[in-house]
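Data first, discussion second: the structure below is written as structure tokens.
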Amino acid sequence: MSEIAFFGAVEIGLVYALVALGVYLSFRVLDFPDLTVDGSFPLGAAVCATLLVAGVNPWAASLVAALAGSMAGLVTATLNVRFKILHLLASILTMIALFSVNLRVMGRPNVALLMQDTVLTPFYGLGLPDHVVRPLVVLVVVVVIVLLLARFLNSEFGLAMRATGVNARMARAQGVQTDFHIYAGMALSNGLCALAGALFAQTNGFADVTTGIGTIVVGLAAVIVGETVLPARAMLWALVGCVVGSILYRLAVQLALSADAIGLQASDLNLVTAVLVAVALILPRMRLKAASKKREAVR
Amino acid sequence: MITVNGIHVAFGRGTPLEKHALRGVDLTIPEGQFVTVIGSNGAGKSTFLGALAGDVIAEEGRIAIDGVDVTRWATPKRASLVARVFQDPMVGSCTALTIEENMALAAARGRRRGLGSALRGDRRRHFRERIAELGLGLENRLHDRMGLLSGGQRQAVSLLMATLAGSKILLLDEHTAALDPGTAEFVLGLTRRIVEENRLTTLMVTHSMRQALDYGDRTVMLHEGRIVLDVSGEQRAGLDVPHLLALFAKQRGGEDITDDSLLIG
Ligand SMILES: Nc1ncnc2c1ncn2[C@@H]1O[C@H](COP(=O)(O)OP(=O)(O)OP(=O)(O)O)[C@@H](O)[C@H]1O
Ligand SMILES: [Mg+2]
């Protein structure tokens with residue numbers, strides 16, 4: 001793997017680390033399987049790119065993109081909490097709707113960012129090569145968000161959100177407005193995914209409606225890899241695990257793609273990821289079965 | 001004080017499976033009274049406690065706690081007034097969270113939850129002191145996940161959690177049913193101590209006639225969604241288990257029940 005390819009993989013891994021954090025919030029903290037992210041990631045990219053083309057400040061554009069993602073999360077949460085639509089279905093509805101919304105936002109299937117200033121612009125030309133600057137800037141953003149998120153999840157409010165996902169009945173008996181925490185968590189989760197989309201557009205120089213496909217599976221893969229290499233209980237380390245998982249996942253993909261012997265193409269990525277996630281979900285179950293068989297054999 | 005006036009609860013209204021679980025329950029419990037609740041399976045005991053806690057909303061009648069009409073309040077809103085311990089130790093706590101996180105969750109019951117740390121140093125110290133009172137050695141296991149505790153330990157912690165934030169009433173729904181006799185005895189003793197120390201208005205559901213008479217100041221029996229027996233004071237002091245069993249049997253249509261053990265669910 002060349003140096004550029006290595007830094008490229010780390011960069012994309014860091015961008016998707018935000019997706020992994022969002023997926024961790026919905027799937028793990030809230031126990032809410034949410035596919036909205038396939039729509040909120042490109043929504044973030046679309047909103048950010050459109051605003052940048054219109055000359056808006058890059059940080060402001062990224063923030064607005066994140067807010068747009070939060071709205072998408074609120075739509076899914078409303079469909080589920082208020083109108084009792086099954087969470088998976090509710091999130092698929094939002095995801096499909098977002099495909100149209102994203103086309104409307106950009107007015108065309110993709111927008112190129114050529115001359116526009118991005119959050120990266122001020123850091124180019126400070127002596128470091130561009131392919132190192134990009135992951136560094138994203139790293140700083142990710143570190144700040146991980147620290148804030150860990151603080152949040154350890155706060156009284158965040159603890160109540162975790163309880164909502166673990167045992168809603170108990171949480172309600174303790175006075176937790178569980179519905180409200182689902183809204184808040186889903187907004188936060190999709191806000192992070194949209195922010196990832198905004199950073200993706202700025203680091204890659206384009207936004208495209210099709211970039212969202214498979215986002216959820218990539219995010220899940222990162223979460224699962226993270227939990228495997230860093231099986232931590234403490235909140236901060238669980239979040240760091242998501243980030244590490246996302247980077248490792250991208251490095252593994254890059255390795256597989258650059259090994260000509262395997263003959264993989266970039267377009268095979270979704271298939272490979274889906275297989276990886278499926279295996280990761282099946283393995284623990286098989287291990288359980290094997291263990292209980294062994295116990296029976298002993299008896 | 002709890003005032004319940006003619007509440008009705010029905011499940012599955014308008015379906016073939018309609019179940020009229022509470023059919024006009026009236027009950028006034030003065031401040032600080034400890035009431036034990038008995039009745040056969042399906043009599044409506046859990047539904048009654050659920051109606052007090054807000055899990056089920058009464059379709060008719062009125063419920064007031066300390067003079068505040070809470071009839072239409074949902075569970076989280078009532079939580080500032082109501083503390084409870086569930087029958088199943090899994091239901092009453094978050095097994096995936098640590099003991100101290102569970103305690104922090106309970107300590108904020110009925111309060112606004114902000115962005116400050118849930119486990120600040122002073123709070124940790126307070127939790128450690130409180131859990132040491134149980135005498136179970138749990139003060140050194142605050143970082144353990146709740147799921148690692150035995151059923152009895154978990155019920156003891158759940159009881160403690162019920163007292164971490166102020167409340168007007170304590171609801172115990174067969175909270176010792178899942179425990180072995182020795183542990184049940186311990187948790188019941190703890191219950192009595194905690195109720196007395198905090199002077200809590202308490203309702204305790206039990207299937208044991210012995211416990212129903214030994215604990216608390218008043219015993220009510222529910223049958224088919226109605227209160228059919230309500231004894232306290234001297235009348236109650238004069239009752240023994242065979243008497244109560246006879247009354248119980250009469251309500252069930254004259255079946256002859258001679259042994260308390262039949263009823264321990
Ligand atoms: N959520 C529900 N949906 C439908 N029916 C219910 C529901 N909860 C309770 N019931 C019915 O209401 C009646 C009263 O149930 P409840 O759980 O209050 O009885 P209980 O006195 O607590 O009995 P047990 O001693 O078995 O715990 C029962 O017939 C029960 O089947
Ligand atoms: Mg019951």
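Ordered as shown in the structure tokens, chains take letters A, B, and onward, while each chain numbers its residues from 1 and ligands are numbered from 1 in the order shown.
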Nearby polymer residues, ligand 1, at most 10 Å, only C-alpha atoms and all ligand atoms, as an NGL selection string
:B and (9-13 or 17-22 or 37-51 or 55-56 or 87 or 173-174 or 205-207 or 221-225 or 263-265)
Take the residues just selected and output them with N, CA and C atoms as a compact mmCIF listing (two decimals), in the first residue's frame.
# COMPACT_ATOMS: atom_id res chain seq x y z
N VAL B 9 -60.59 -0.40 35.15
CA VAL B 9 -59.59 -0.62 34.11
C VAL B 9 -60.03 -1.82 33.30
N ALA B 10 -60.01 -1.68 31.97
CA ALA B 10 -60.32 -2.83 31.11
C ALA B 10 -59.26 -2.94 30.04
N PHE B 11 -58.85 -4.16 29.74
CA PHE B 11 -57.88 -4.39 28.67
C PHE B 11 -58.63 -4.88 27.43
N GLY B 12 -58.17 -4.47 26.27
CA GLY B 12 -58.75 -4.95 25.01
C GLY B 12 -60.22 -4.64 24.87
N ARG B 13 -60.60 -3.41 25.22
CA ARG B 13 -62.00 -2.97 25.06
C ARG B 13 -62.50 -3.24 23.65
N LEU B 17 -61.44 -10.56 23.52
CA LEU B 17 -60.62 -10.87 24.68
C LEU B 17 -60.74 -9.81 25.78
N GLU B 18 -61.77 -8.98 25.67
CA GLU B 18 -61.92 -7.91 26.65
C GLU B 18 -61.85 -8.43 28.08
N LYS B 19 -61.07 -7.74 28.92
CA LYS B 19 -60.90 -8.18 30.30
C LYS B 19 -61.09 -6.98 31.22
N HIS B 20 -62.14 -7.04 31.99
CA HIS B 20 -62.42 -5.96 32.92
C HIS B 20 -61.64 -6.24 34.20
N ALA B 21 -60.43 -5.72 34.30
CA ALA B 21 -59.52 -6.13 35.38
C ALA B 21 -59.81 -5.44 36.70
N LEU B 22 -60.23 -4.18 36.68
CA LEU B 22 -60.61 -3.49 37.91
C LEU B 22 -62.04 -2.98 37.74
N VAL B 37 -51.43 -6.49 50.17
CA VAL B 37 -52.51 -6.78 49.21
C VAL B 37 -52.44 -8.25 48.83
N ILE B 38 -53.55 -8.97 49.00
CA ILE B 38 -53.59 -10.38 48.60
C ILE B 38 -54.72 -10.61 47.61
N GLY B 39 -54.77 -11.81 47.07
CA GLY B 39 -55.80 -12.15 46.08
C GLY B 39 -55.25 -13.19 45.14
N SER B 40 -56.15 -13.98 44.54
CA SER B 40 -55.68 -15.07 43.69
C SER B 40 -55.12 -14.54 42.37
N ASN B 41 -54.55 -15.43 41.59
CA ASN B 41 -53.98 -15.04 40.29
C ASN B 41 -55.06 -14.40 39.43
N GLY B 42 -54.73 -13.28 38.84
CA GLY B 42 -55.67 -12.61 37.95
C GLY B 42 -56.70 -11.76 38.67
N ALA B 43 -56.54 -11.59 39.98
CA ALA B 43 -57.52 -10.82 40.75
C ALA B 43 -57.45 -9.33 40.41
N GLY B 44 -56.30 -8.88 39.90
CA GLY B 44 -56.17 -7.48 39.54
C GLY B 44 -55.17 -6.72 40.41
N LYS B 45 -54.37 -7.44 41.18
CA LYS B 45 -53.41 -6.79 42.08
C LYS B 45 -52.37 -5.97 41.32
N SER B 46 -51.74 -6.62 40.33
CA SER B 46 -50.71 -5.90 39.56
C SER B 46 -51.33 -4.75 38.79
N THR B 47 -52.53 -4.98 38.26
CA THR B 47 -53.21 -3.93 37.52
C THR B 47 -53.48 -2.73 38.44
N PHE B 48 -53.86 -3.02 39.69
CA PHE B 48 -54.13 -1.94 40.64
C PHE B 48 -52.85 -1.12 40.92
N LEU B 49 -51.75 -1.82 41.15
CA LEU B 49 -50.49 -1.11 41.38
C LEU B 49 -50.06 -0.35 40.12
N GLY B 50 -50.30 -0.99 38.96
CA GLY B 50 -49.99 -0.32 37.70
C GLY B 50 -50.81 0.95 37.51
N ALA B 51 -52.06 0.89 37.97
CA ALA B 51 -52.93 2.07 37.85
C ALA B 51 -52.43 3.19 38.77
N ASP B 55 -48.87 3.11 34.76
CA ASP B 55 -48.66 2.20 33.62
C ASP B 55 -49.96 1.95 32.87
N VAL B 56 -51.06 1.85 33.62
CA VAL B 56 -52.38 1.79 32.97
C VAL B 56 -53.19 2.98 33.47
N GLN B 87 -41.55 -7.31 40.60
CA GLN B 87 -41.39 -8.73 40.95
C GLN B 87 -40.13 -9.31 40.33
N ASP B 173 -44.57 -5.05 44.15
CA ASP B 173 -45.42 -6.09 43.55
C ASP B 173 -44.70 -7.44 43.63
N GLU B 174 -45.04 -8.22 44.64
CA GLU B 174 -44.42 -9.53 44.83
C GLU B 174 -42.91 -9.45 44.66
N VAL B 205 -47.82 -6.24 47.45
CA VAL B 205 -48.58 -7.41 46.99
C VAL B 205 -47.82 -8.66 47.40
N THR B 206 -48.53 -9.65 47.93
CA THR B 206 -47.88 -10.91 48.27
C THR B 206 -48.88 -12.06 48.10
N HIS B 207 -48.35 -13.26 47.87
CA HIS B 207 -49.20 -14.45 47.80
C HIS B 207 -49.12 -15.23 49.09
N MET B 221 -57.93 -7.58 50.40
CA MET B 221 -57.98 -8.69 49.46
C MET B 221 -58.74 -8.25 48.22
N LEU B 222 -58.13 -8.51 47.07
CA LEU B 222 -58.80 -8.20 45.81
C LEU B 222 -59.36 -9.50 45.24
N HIS B 223 -60.53 -9.39 44.63
CA HIS B 223 -61.07 -10.56 43.95
C HIS B 223 -61.86 -10.08 42.75
N GLU B 224 -61.52 -10.61 41.59
CA GLU B 224 -62.20 -10.22 40.35
C GLU B 224 -62.36 -8.72 40.23
N GLY B 225 -61.28 -8.01 40.51
CA GLY B 225 -61.27 -6.58 40.27
C GLY B 225 -61.96 -5.73 41.32
N LEU B 263 -50.70 -21.20 48.15
CA LEU B 263 -50.92 -19.85 47.65
C LEU B 263 -49.63 -19.12 47.34
N ILE B 264 -48.55 -19.70 47.77
CA ILE B 264 -47.29 -19.01 47.50
C ILE B 264 -46.96 -19.18 46.02
N GLY B 265 -47.08 -18.07 45.29
CA GLY B 265 -46.93 -18.18 43.83
C GLY B 265 -45.52 -18.02 43.40
Give me, as a tab-separated table, the closest atom pair and its distance (Å, one decimal) for every residue of chain A within a cut-off of 9 Å of chain B, counting only C-alpha atoms, rows sorted by chain and rising number.
residue	atom	partner	partner_atom	distance
A:Arg151	CA	B:Ser117	CA	7.4
A:Phe152	CA	B:Leu115	CA	6.5
A:Leu153	CA	B:Ser117	CA	8.9
A:Asn154	CA	B:Ser117	CA	5.9
A:Ser155	CA	B:Ser117	CA	4.1
A:Glu156	CA	B:Ala118	CA	4.5
A:Phe157	CA	B:Arg113	CA	5.0
A:Gly158	CA	B:Leu115	CA	7.6
A:Leu159	CA	B:Leu105	CA	7.0
A:Ala160	CA	B:Leu105	CA	6.7
A:Arg162	CA	B:Leu97	CA	8.5
A:Ala163	CA	B:Cys94	CA	6.6
A:Val166	CA	B:Cys94	CA	6.2
A:Asn167	CA	B:Cys94	CA	5.9
A:Arg169	CA	B:Val91	CA	7.3
A:Met170	CA	B:Gly92	CA	5.5
A:Ala171	CA	B:Leu105	CA	8.0
A:Arg172	CA	B:Pro76	CA	4.9
A:Ala173	CA	B:Ala79	CA	5.9
A:Gln174	CA	B:Arg109	CA	4.9
A:Gly175	CA	B:Pro76	CA	3.8
A:Val176	CA	B:Pro76	CA	5.6
A:Gln177	CA	B:Pro76	CA	5.8
A:Thr178	CA	B:Pro76	CA	8.3
Output file for the selection above: N, CA and C atoms, as an mmCIF file, in the first residue's frame:
data_model
loop_
_atom_site.group_PDB
_atom_site.id
_atom_site.type_symbol
_atom_site.label_atom_id
_atom_site.label_comp_id
_atom_site.auth_asym_id
_atom_site.auth_seq_id
_atom_site.Cartn_x
_atom_site.Cartn_y
_atom_site.Cartn_z
ATOM 1 N N ARG A 151 -18.767 12.789 27.334
ATOM 2 C CA ARG A 151 -19.247 13.627 28.441
ATOM 3 C C ARG A 151 -20.765 13.613 28.491
ATOM 4 N N PHE A 152 -21.337 13.731 27.306
ATOM 5 C CA PHE A 152 -22.802 13.750 27.214
ATOM 6 C C PHE A 152 -23.401 12.434 27.728
ATOM 7 N N LEU A 153 -22.838 11.309 27.281
ATOM 8 C CA LEU A 153 -23.421 10.014 27.654
ATOM 9 C C LEU A 153 -23.204 9.696 29.134
ATOM 10 N N ASN A 154 -22.231 10.367 29.765
ATOM 11 C CA ASN A 154 -22.022 10.172 31.194
ATOM 12 C C ASN A 154 -22.771 11.192 32.034
ATOM 13 N N SER A 155 -23.481 12.101 31.377
ATOM 14 C CA SER A 155 -24.256 13.095 32.127
ATOM 15 C C SER A 155 -25.568 12.456 32.575
ATOM 16 N N GLU A 156 -26.303 13.146 33.426
ATOM 17 C CA GLU A 156 -27.591 12.627 33.891
ATOM 18 C C GLU A 156 -28.530 12.412 32.708
ATOM 19 N N PHE A 157 -28.525 13.370 31.789
ATOM 20 C CA PHE A 157 -29.390 13.275 30.613
ATOM 21 C C PHE A 157 -28.982 12.083 29.755
ATOM 22 N N GLY A 158 -27.671 11.946 29.531
ATOM 23 C CA GLY A 158 -27.175 10.854 28.707
ATOM 24 C C GLY A 158 -27.421 9.496 29.344
ATOM 25 N N LEU A 159 -27.275 9.439 30.665
ATOM 26 C CA LEU A 159 -27.526 8.186 31.386
ATOM 27 C C LEU A 159 -28.987 7.776 31.200
ATOM 28 N N ALA A 160 -29.878 8.756 31.259
ATOM 29 C CA ALA A 160 -31.297 8.475 31.052
ATOM 30 C C ALA A 160 -31.533 7.959 29.634
ATOM 31 N N ARG A 162 -29.354 6.252 27.851
ATOM 32 C CA ARG A 162 -28.865 4.868 27.811
ATOM 33 C C ARG A 162 -29.877 3.932 28.470
ATOM 34 N N ALA A 163 -30.467 4.387 29.567
ATOM 35 C CA ALA A 163 -31.466 3.558 30.252
ATOM 36 C C ALA A 163 -32.681 3.333 29.355
ATOM 37 N N VAL A 166 -31.832 0.482 27.175
ATOM 38 C CA VAL A 166 -31.610 -0.797 27.856
ATOM 39 C C VAL A 166 -32.901 -1.347 28.447
ATOM 40 N N ASN A 167 -33.661 -0.504 29.121
ATOM 41 C CA ASN A 167 -34.849 -0.960 29.834
ATOM 42 C C ASN A 167 -35.827 0.208 29.956
ATOM 43 N N ARG A 169 -38.976 0.370 30.403
ATOM 44 C CA ARG A 169 -39.987 0.303 31.461
ATOM 45 C C ARG A 169 -39.417 0.825 32.768
ATOM 46 N N MET A 170 -38.192 0.381 33.083
ATOM 47 C CA MET A 170 -37.543 0.844 34.297
ATOM 48 C C MET A 170 -37.274 2.348 34.200
ATOM 49 N N ALA A 171 -36.813 2.778 33.031
ATOM 50 C CA ALA A 171 -36.500 4.197 32.860
ATOM 51 C C ALA A 171 -37.738 5.055 33.128
ATOM 52 N N ARG A 172 -38.874 4.620 32.609
ATOM 53 C CA ARG A 172 -40.106 5.394 32.826
ATOM 54 C C ARG A 172 -40.470 5.425 34.304
ATOM 55 N N ALA A 173 -40.290 4.288 34.979
ATOM 56 C CA ALA A 173 -40.598 4.245 36.407
ATOM 57 C C ALA A 173 -39.666 5.172 37.189
ATOM 58 N N GLN A 174 -38.504 5.482 36.616
ATOM 59 C CA GLN A 174 -37.576 6.413 37.268
ATOM 60 C C GLN A 174 -37.812 7.852 36.797
ATOM 61 N N GLY A 175 -38.907 8.053 36.084
ATOM 62 C CA GLY A 175 -39.253 9.408 35.690
ATOM 63 C C GLY A 175 -38.613 9.879 34.398
ATOM 64 N N VAL A 176 -38.023 8.954 33.628
ATOM 65 C CA VAL A 176 -37.397 9.351 32.369
ATOM 66 C C VAL A 176 -38.467 9.435 31.283
ATOM 67 N N GLN A 177 -38.524 10.576 30.602
ATOM 68 C CA GLN A 177 -39.455 10.715 29.468
ATOM 69 C C GLN A 177 -38.821 9.992 28.288
ATOM 70 N N THR A 178 -39.096 8.694 28.183
ATOM 71 C CA THR A 178 -38.366 7.876 27.205
ATOM 72 C C THR A 178 -38.577 8.367 25.769
#
Would you please extract all alpha helix (DSSP H) residues from stretch 85-164 of chain A, as assigned by DSSP on the backbone, and give them as a PyMOL selection string?
chain A and resi 87-106+130-153+156-164
Figure out the distance between atom CA of A:Ala168 and atom CA of A:Leu74, please, to one decimal in Å.
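Interatomic distance, atom CA of A:Leu74 to atom CA of A:Ala168: 19.0 Å.
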Using only C-alpha atoms and all ligand atoms, which of B:Asp230, B:Asp88, B:Ala237, B:Thr219 sits nearest ligand 2?
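Nearest to ligand 2: B:Asp88.
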Pick out the closest residue to A:Ser62 from this set: A:Leu192, A:Met186, A:Ile96, A:Ala221. Count only C-alpha atoms.
A:Leu192
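Using only C-alpha atoms, the contacts of A:Leu35 at a cut-off of 8 Å, with sequence neighbours closer than 6 positions omitted, comprise Leu88, Ser91, Ile92, Met95 and Ile216 of chain A.
In this model, the gap between atom CA of A:Leu126 and atom CA of A:Leu51 comes to 26.1 Å.
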Atom CA of B:Val220 and atom CA of B:Ala178, how far apart in Å?
22.3 Å
Which of stretch 79-218 of chain A fall in strand (DSSP E or B), as a ChimeraX atom specification
/A:110-112,155,206-208
Please save all heavy atoms of the selected residues as a short mmCIF file (atom, residue, chain, number, x, y, z; two decimals), in the first residue's frame.
data_model
loop_
_atom_site.label_atom_id
_atom_site.label_comp_id
_atom_site.auth_asym_id
_atom_site.auth_seq_id
_atom_site.Cartn_x
_atom_site.Cartn_y
_atom_site.Cartn_z
N ASN A 110 -25.32 15.50 -8.80
CA ASN A 110 -24.09 15.74 -8.06
C ASN A 110 -23.59 17.16 -8.22
O ASN A 110 -23.93 17.85 -9.18
CB ASN A 110 -23.00 14.74 -8.45
CG ASN A 110 -22.88 14.64 -9.95
OD1 ASN A 110 -22.59 15.63 -10.61
ND2 ASN A 110 -23.14 13.45 -10.49
N VAL A 111 -22.81 17.60 -7.24
CA VAL A 111 -22.23 18.95 -7.25
C VAL A 111 -20.73 18.80 -7.02
O VAL A 111 -20.30 18.07 -6.13
CB VAL A 111 -22.83 19.80 -6.11
CG1 VAL A 111 -22.05 21.09 -5.94
CG2 VAL A 111 -24.29 20.11 -6.38
N ALA A 112 -19.95 19.47 -7.87
CA ALA A 112 -18.50 19.42 -7.68
C ALA A 112 -18.05 20.67 -6.91
O ALA A 112 -18.58 21.76 -7.12
CB ALA A 112 -17.80 19.35 -9.02
N SER A 155 -23.48 12.10 31.38
CA SER A 155 -24.26 13.09 32.13
C SER A 155 -25.57 12.46 32.58
O SER A 155 -25.91 11.35 32.18
CB SER A 155 -24.56 14.30 31.25
OG SER A 155 -25.53 13.97 30.27
N PHE A 206 -16.72 16.69 -3.80
CA PHE A 206 -18.00 16.56 -4.51
C PHE A 206 -19.07 16.02 -3.57
O PHE A 206 -18.77 15.45 -2.52
CB PHE A 206 -17.87 15.64 -5.72
CG PHE A 206 -17.68 14.18 -5.35
CD1 PHE A 206 -18.77 13.33 -5.22
CD2 PHE A 206 -16.40 13.67 -5.12
CE1 PHE A 206 -18.60 11.99 -4.87
CE2 PHE A 206 -16.23 12.35 -4.76
CZ PHE A 206 -17.32 11.50 -4.63
N ALA A 207 -20.33 16.22 -3.97
CA ALA A 207 -21.46 15.57 -3.30
C ALA A 207 -22.26 14.86 -4.37
O ALA A 207 -22.44 15.39 -5.46
CB ALA A 207 -22.33 16.60 -2.59
N ASP A 208 -22.69 13.63 -4.04
CA ASP A 208 -23.41 12.84 -5.04
C ASP A 208 -24.52 12.08 -4.32
O ASP A 208 -24.30 11.54 -3.24
CB ASP A 208 -22.42 11.86 -5.68
CG ASP A 208 -23.03 11.13 -6.87
OD1 ASP A 208 -24.10 10.49 -6.71
OD2 ASP A 208 -22.43 11.20 -7.96
#
Spatial neighbours of stretch 191-198 of chain B, max dist 10 Å, only C-alpha atoms, sep filter under 6 positions, as a list in words
Gly32, Gln33, Phe34, Ala156, Leu159, Leu160, Ala162, Thr163, Gly166, Ser167, Lys168, Ile169, Leu170, Leu172, His175, Glu185, Met204, Tyr215 and Gly216 of chain B
List the spatial neighbours of A:Tyr124 as JSON, numbers by chain - criterion: any atom at most 10 Å away, only C-alpha atoms, same-chain residues fewer than 6 positions off excluded.
{"A": [130, 131, 132, 133, 134]}
Write out the residues from the selection above, keeping C-alpha atoms, as a short mmCIF file (atom, residue, chain, number, x, y, z; two decimals), in the first residue's frame.
data_model
loop_
_atom_site.label_atom_id
_atom_site.label_comp_id
_atom_site.auth_asym_id
_atom_site.auth_seq_id
_atom_site.Cartn_x
_atom_site.Cartn_y
_atom_site.Cartn_z
CA ASP A 130 -2.41 17.84 1.39
CA HIS A 131 -2.98 14.12 1.83
CA VAL A 132 -1.72 14.43 5.42
CA VAL A 133 -3.54 17.69 6.20
CA ARG A 134 -6.95 16.23 5.35
#
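Considering the residues B:Thr176, B:Glu100, B:Leu164, B:Ala212 and counting only C-alpha atoms, B:Asn140 has its shortest atom-to-atom contact with B:Glu100.
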So that I can see what lies close to A:Thr273, please list as JSON, numbers by chain the residues with an atom at most 7 Å from it, counting only C-alpha atoms and leaving out residues fewer than 4 positions away in the same chain.
{"A": [217, 218, 269, 277]}
Measuring between only C-alpha atoms, which one of A:Ala194, A:Val243, A:Ala68, A:Ile262 shows the shortest distance to A:Val225?
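For A:Val225, the nearest of the given residues is A:Val243.
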Closest to ligand 2 among B:Gly147, B:Asp122, B:Leu247, B:Ala177, using only C-alpha atoms and all ligand atoms?
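Counting only C-alpha atoms and all ligand atoms, the residue closest to ligand 2 is B:Ala177.
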